[in-house]
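A.B. asks: This structure is in structure tokens; I'll ask about it shortly.
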Amino acid sequence: MKRLVVLGAGTAGTMVVNKLRPRLDPNEWEIVIVDQEPTHFYQPGFLFLPFGEYGPQDVKKPKKRFIPAGVEFIEGTIDSVDADANTVLLGDGTQLTYDYLVIATGTHPRPEETPGMDGPEFGKTIHTFYTFEGALALREALKGFDGGKLVVHMVDMPFKCPVAPLEFTFLADAYFTELGMRDQVEITYVTPMSGAFTKPVASAHLGNMFDERKIHLESDFYTERIDTDKNALVSYDEREVPYDLVVTVPLNMGADFVAKSGLGDELNHIPVDKGTFVHKDHDNLFVLGDAANIPTSKAGSVAHFAVDVFVPNFLRHIEGLPMLEQFDGHSNCFIESGHGKGLLIDFNYDTQPLPGKYPLPGIGPFTLLGETEMNHWGKLLFRWMYWNLLLPGKELPLPALMSMAGKIPEDE
């Protein structure tokens, strides 16, 4: 009997066990998945909680509901991995041996890594919507905000869902406009990037949207600390951005056991082959989702497309055959822009987001890099697809590898 152990029952880990359990003979393969949290959160929904568009019940369900029969679910903490000995040590002292290991433990906000962030003002004048509790606290803060300087801020790249702070900024603009107090709120977007987004074409489009909405962009801002006495963000080059309310994306880091196991980089993300997700030193260890250090977005769509590439590769790999599929870094996501509209971007390792149309049989096409109501409804529809199709490992009409169909190249 061979054993596959999956660490993390988030998006990637849950999809893996749902897709592999029917394909691996239960008489030959045991599958175990480990996670310390009993609740599965629909993290894209955290964006809508502060504005009251979703309620708490819309973004959480029990993880066990999505673990298929024939997969053992262990609720517990992970102490360490000994990749040379093919063992996982759990927090309670249990030792799991494995023949193959998939690490899908994600990345997580670490406010304590930025001086001044994780202090008495956290949850008062300093907020984040990157956690369930944080999003609910921010909802109360927005209700009581009577105007002033609202700063949307990110500490450093990479962080999960890199378009989320953009979406929050646009939704805040719409929120205060609909309340009739937009002229009383000064919105500043503070980023370590040189523009509104990492890719030039998309950054130019989004920058124009900032200008139209009178949102100030403070770029190339590397945060050294938050001065809570002065209510100001302070950069390493000594620039200061004052705030009355700051909505931050803290530094994101992988799980602590990654560092303890000697597997990760300085942010506890694990370097792997960007096409096959296999660890460079251990050919029976794969890393999927936000836990992997690969040069694309840490986003749910990447986890989805990556798993679709991983599964056929894994089935060949365990037979001693070469892995044929190469993941291209495909990512796509809807960007809420407020007032019932949104954008869609679609890109990969080599091709940045471009304008045009995204074909989708039976539903699309969706407009790329253009604000439409259809894109907004696509964003809302995805929550149902996530719970009912994506997590259970059912097939979606979305190609794992990016297509140029419908896109307008830069030189046209």
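In the structure tokens, chains take the letters A, B, ... in the order shown, each chain's residues start at 1, and ligands count up from 1 in the order shown.
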Just want the 8 Å neighbourhood of stretch 403-408 of chain A, counted on only C-alpha atoms, with same-chain residues fewer than 3 positions away dropped. Output as a list in words.
C.D. replies: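 Listed by chain and then number, they are Leu354, Pro355, Gly356, Lys357, Tyr358, Pro359, Leu368, Pro399 and Glu412 of chain A.
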A.B. asks: Selection from above, N, CA and C atoms, as a tab-separated table (two decimals), in the first residue's frame, can you write it?
C.D. replies:
```
chain	number	residue	atom	x	y	z
A	354	LEU	N	-3.82	41.54	-21.44
A	354	LEU	CA	-4.05	42.31	-22.66
A	354	LEU	C	-5.54	42.59	-22.82
A	355	PRO	N	-5.89	43.65	-23.56
A	355	PRO	CA	-7.31	43.89	-23.86
A	355	PRO	C	-7.83	42.89	-24.88
A	356	GLY	N	-9.15	42.86	-25.04
A	356	GLY	CA	-9.79	41.96	-25.99
A	356	GLY	C	-10.98	41.28	-25.37
A	357	LYS	N	-11.20	40.02	-25.76
A	357	LYS	CA	-12.33	39.24	-25.27
A	357	LYS	C	-11.84	37.88	-24.75
A	358	TYR	N	-12.48	37.41	-23.68
A	358	TYR	CA	-12.17	36.09	-23.14
A	358	TYR	C	-13.32	35.16	-23.48
A	359	PRO	N	-13.11	34.23	-24.41
A	359	PRO	CA	-14.21	33.35	-24.81
A	359	PRO	C	-14.51	32.32	-23.73
A	368	LEU	N	-11.94	41.80	-21.67
A	368	LEU	CA	-10.64	41.87	-20.99
A	368	LEU	C	-10.21	43.32	-20.83
A	399	PRO	N	-9.67	26.43	-19.81
A	399	PRO	CA	-8.43	25.72	-20.13
A	399	PRO	C	-7.34	26.03	-19.11
A	412	GLU	N	-0.89	45.81	-31.88
A	412	GLU	CA	-2.04	45.99	-32.79
A	412	GLU	C	-2.90	47.15	-32.31
```
A.B. asks: May I have a table of the residues of stretch 42-151 of chain A lying at most 8 Å from stretch 10-18 of chain A, giving each one's closest pair of atoms and their distance in Å to one decimal, counting only C-alpha atoms, ordered by chain and ascending residue number, as CSV?
C.D. replies:
```
residue,atom,partner,partner_atom,distance
A:Phe66,CA,A:Thr14,CA,7.0
A:Ile67,CA,A:Thr14,CA,6.7
A:Pro68,CA,A:Asn18,CA,6.1
A:Val71,CA,A:Val17,CA,7.3
A:Val102,CA,A:Gly13,CA,7.8
A:Ile103,CA,A:Gly13,CA,7.7
A:Ala104,CA,A:Gly13,CA,5.5
A:Thr105,CA,A:Gly10,CA,7.2
A:Gly106,CA,A:Gly10,CA,7.6
```
A.B. asks: Need the shell around stretch 138-151 of chain A: protein/DNA/RNA residues with any atom at most 9 Å away, counting only C-alpha atoms. Skip same-chain ones fewer than 4 positions apart. Format as JSON, numbers by chain?
C.D. replies: {"A": [49, 50, 51, 52, 123, 124, 125, 126, 127, 128, 129, 133, 134, 169, 181, 182, 183, 184, 185, 186, 187, 188, 189, 190, 241, 242, 243, 244, 245, 246, 247, 248]}
A.B. asks: Using only C-alpha atoms, which residues sit within 12 Å of A:His108 once same-chain residues fewer than 5 positions away are excluded, as a list in words?
C.D. replies: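 Here the qualifying residues turn out to be Gln43, Glu113, Tyr130, Thr131, Pro158, Phe159, Lys160, Cys161, Val249, Pro250, Leu251, Asn252, Met253, Gly254, Ala255, Asp256, Leu267, Asn268, His269, Asp290, Ala291 and Lys298 of chain A.
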A.B. asks: In terms of the shortest atom-to-atom distance over only C-alpha atoms, which of A:Pro111, A:Val311, A:Ala306, A:Gly116 is closest to A:Ala232?
C.D. replies: A:Gly116
A.B. asks: For A:Ala172, which residue out of A:Pro353, A:Asn293, A:Leu285, A:Arg213 is the nearest one, using only C-alpha atoms?
C.D. replies: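 Among the listed residues, the smallest separation from A:Ala172 belongs to A:Arg213.
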A.B. asks: Take atom CA of A:His216 and atom CA of A:Glu240 and report the distance between them in Å, one decimal.
C.D. replies: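 It comes out at 14.0 Å.
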A.B. asks: Write out as a ChimeraX atom specification the set of residues from stretch 233-401 of chain A that DSSP, computed on the backbone, places in helix (DSSP H, G or I).
C.D. replies: /A:256-260,289-291,300-317,373-390
A.B. asks: Generate the output file for the selected residues, N, CA and C atoms, as a CSV table (one decimal), in the first residue's frame.
C.D. replies:
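So the final result, stored in part.csv, reads:
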```
chain,number,residue,atom,x,y,z
A,256,ASP,N,5.0,28.1,9.1
A,256,ASP,CA,6.3,28.1,10.0
A,256,ASP,C,7.0,26.7,9.8
A,257,PHE,N,6.3,25.6,9.6
A,257,PHE,CA,7.0,24.3,9.5
A,257,PHE,C,7.9,24.3,8.3
A,258,VAL,N,7.6,25.1,7.3
A,258,VAL,CA,8.5,25.2,6.1
A,258,VAL,C,9.9,25.6,6.4
A,259,ALA,N,10.0,26.7,7.3
A,259,ALA,CA,11.3,27.1,7.7
A,259,ALA,C,12.0,26.1,8.6
A,260,LYS,N,11.2,25.5,9.5
A,260,LYS,CA,11.8,24.5,10.4
A,260,LYS,C,12.3,23.3,9.7
A,289,GLY,N,-0.3,25.7,-5.2
A,289,GLY,CA,-1.0,26.9,-4.6
A,289,GLY,C,0.0,27.9,-4.1
A,290,ASP,N,-0.5,28.7,-3.1
A,290,ASP,CA,0.3,29.8,-2.6
A,290,ASP,C,1.6,29.4,-1.9
A,291,ALA,N,1.7,28.2,-1.5
A,291,ALA,CA,2.9,27.7,-0.8
A,291,ALA,C,4.1,27.7,-1.7
A,300,GLY,N,-6.3,32.0,-6.4
A,300,GLY,CA,-7.1,30.8,-6.5
A,300,GLY,C,-7.1,30.2,-7.9
A,301,SER,N,-7.2,31.1,-8.9
A,301,SER,CA,-7.2,30.6,-10.3
A,301,SER,C,-5.9,29.9,-10.6
A,302,VAL,N,-4.8,30.4,-10.1
A,302,VAL,CA,-3.5,29.7,-10.3
A,302,VAL,C,-3.5,28.3,-9.7
A,303,ALA,N,-4.0,28.2,-8.5
A,303,ALA,CA,-4.1,26.9,-7.8
A,303,ALA,C,-5.0,26.0,-8.7
A,304,HIS,N,-6.1,26.5,-9.2
A,304,HIS,CA,-7.0,25.6,-10.0
A,304,HIS,C,-6.3,25.1,-11.3
A,305,PHE,N,-5.7,26.1,-12.0
A,305,PHE,CA,-5.0,25.7,-13.3
A,305,PHE,C,-3.8,24.8,-13.0
A,306,ALA,N,-3.1,25.1,-11.9
A,306,ALA,CA,-1.9,24.3,-11.6
A,306,ALA,C,-2.3,22.8,-11.2
A,307,VAL,N,-3.4,22.7,-10.5
A,307,VAL,CA,-3.8,21.3,-10.1
A,307,VAL,C,-4.2,20.5,-11.4
A,308,ASP,N,-4.9,21.2,-12.3
A,308,ASP,CA,-5.3,20.6,-13.6
A,308,ASP,C,-4.1,20.1,-14.4
A,309,VAL,N,-3.0,20.8,-14.3
A,309,VAL,CA,-1.7,20.3,-14.9
A,309,VAL,C,-1.0,19.2,-14.1
A,310,PHE,N,-1.1,19.4,-12.8
A,310,PHE,CA,-0.4,18.5,-11.9
A,310,PHE,C,-0.9,17.1,-11.9
A,311,VAL,N,-2.3,16.9,-12.0
A,311,VAL,CA,-2.9,15.6,-11.9
A,311,VAL,C,-2.4,14.6,-12.9
A,312,PRO,N,-2.5,15.0,-14.2
A,312,PRO,CA,-2.0,14.0,-15.2
A,312,PRO,C,-0.5,13.8,-15.1
A,313,ASN,N,0.2,14.8,-14.8
A,313,ASN,CA,1.7,14.6,-14.6
A,313,ASN,C,2.0,13.7,-13.4
A,314,PHE,N,1.3,13.8,-12.3
A,314,PHE,CA,1.5,12.9,-11.2
A,314,PHE,C,1.2,11.5,-11.5
A,315,LEU,N,0.1,11.2,-12.3
A,315,LEU,CA,-0.3,9.9,-12.6
A,315,LEU,C,0.8,9.2,-13.5
A,316,ARG,N,1.4,10.0,-14.3
A,316,ARG,CA,2.5,9.5,-15.1
A,316,ARG,C,3.8,9.3,-14.3
A,317,HIS,N,4.0,10.2,-13.4
A,317,HIS,CA,5.2,10.2,-12.6
A,317,HIS,C,5.3,9.0,-11.7
A,373,GLU,N,-20.7,45.3,-16.8
A,373,GLU,CA,-21.6,44.6,-15.8
A,373,GLU,C,-21.4,43.1,-15.9
A,374,MET,N,-21.2,42.5,-17.1
A,374,MET,CA,-21.0,41.1,-17.2
A,374,MET,C,-19.8,40.6,-16.4
A,375,ASN,N,-18.7,41.4,-16.3
A,375,ASN,CA,-17.6,41.0,-15.5
A,375,ASN,C,-17.9,41.0,-14.0
A,376,HIS,N,-18.7,41.9,-13.6
A,376,HIS,CA,-19.2,42.0,-12.2
A,376,HIS,C,-20.0,40.7,-11.9
A,377,TRP,N,-20.9,40.4,-12.8
A,377,TRP,CA,-21.7,39.2,-12.5
A,377,TRP,C,-20.9,37.9,-12.6
A,378,GLY,N,-19.8,37.9,-13.4
A,378,GLY,CA,-18.9,36.8,-13.4
A,378,GLY,C,-18.2,36.6,-12.1
A,379,LYS,N,-17.8,37.7,-11.5
A,379,LYS,CA,-17.2,37.7,-10.2
A,379,LYS,C,-18.1,37.0,-9.1
A,380,LEU,N,-19.4,37.5,-9.1
A,380,LEU,CA,-20.3,37.0,-8.2
A,380,LEU,C,-20.7,35.5,-8.4
A,381,LEU,N,-20.8,35.1,-9.7
A,381,LEU,CA,-21.1,33.8,-10.0
A,381,LEU,C,-20.0,32.8,-9.6
A,382,PHE,N,-18.8,33.3,-9.5
A,382,PHE,CA,-17.7,32.4,-9.2
A,382,PHE,C,-17.8,31.8,-7.8
A,383,ARG,N,-18.5,32.5,-6.9
A,383,ARG,CA,-18.6,31.9,-5.5
A,383,ARG,C,-19.4,30.6,-5.6
A,384,TRP,N,-20.5,30.6,-6.4
A,384,TRP,CA,-21.2,29.3,-6.5
A,384,TRP,C,-20.4,28.3,-7.2
A,385,MET,N,-19.6,28.6,-8.2
A,385,MET,CA,-18.8,27.7,-8.9
A,385,MET,C,-17.7,27.2,-8.0
A,386,TYR,N,-17.2,28.0,-7.1
A,386,TYR,CA,-16.1,27.6,-6.2
A,386,TYR,C,-16.6,26.5,-5.2
A,387,TRP,N,-17.7,26.7,-4.6
A,387,TRP,CA,-18.2,25.7,-3.6
A,387,TRP,C,-18.7,24.5,-4.3
A,388,ASN,N,-19.4,24.6,-5.5
A,388,ASN,CA,-20.1,23.4,-6.1
A,388,ASN,C,-19.3,22.7,-7.2
A,389,LEU,N,-18.3,23.4,-7.8
A,389,LEU,CA,-17.6,22.8,-8.9
A,389,LEU,C,-16.1,22.7,-8.7
A,390,LEU,N,-15.5,23.8,-8.3
A,390,LEU,CA,-14.0,23.9,-8.2
A,390,LEU,C,-13.5,23.0,-7.0
```
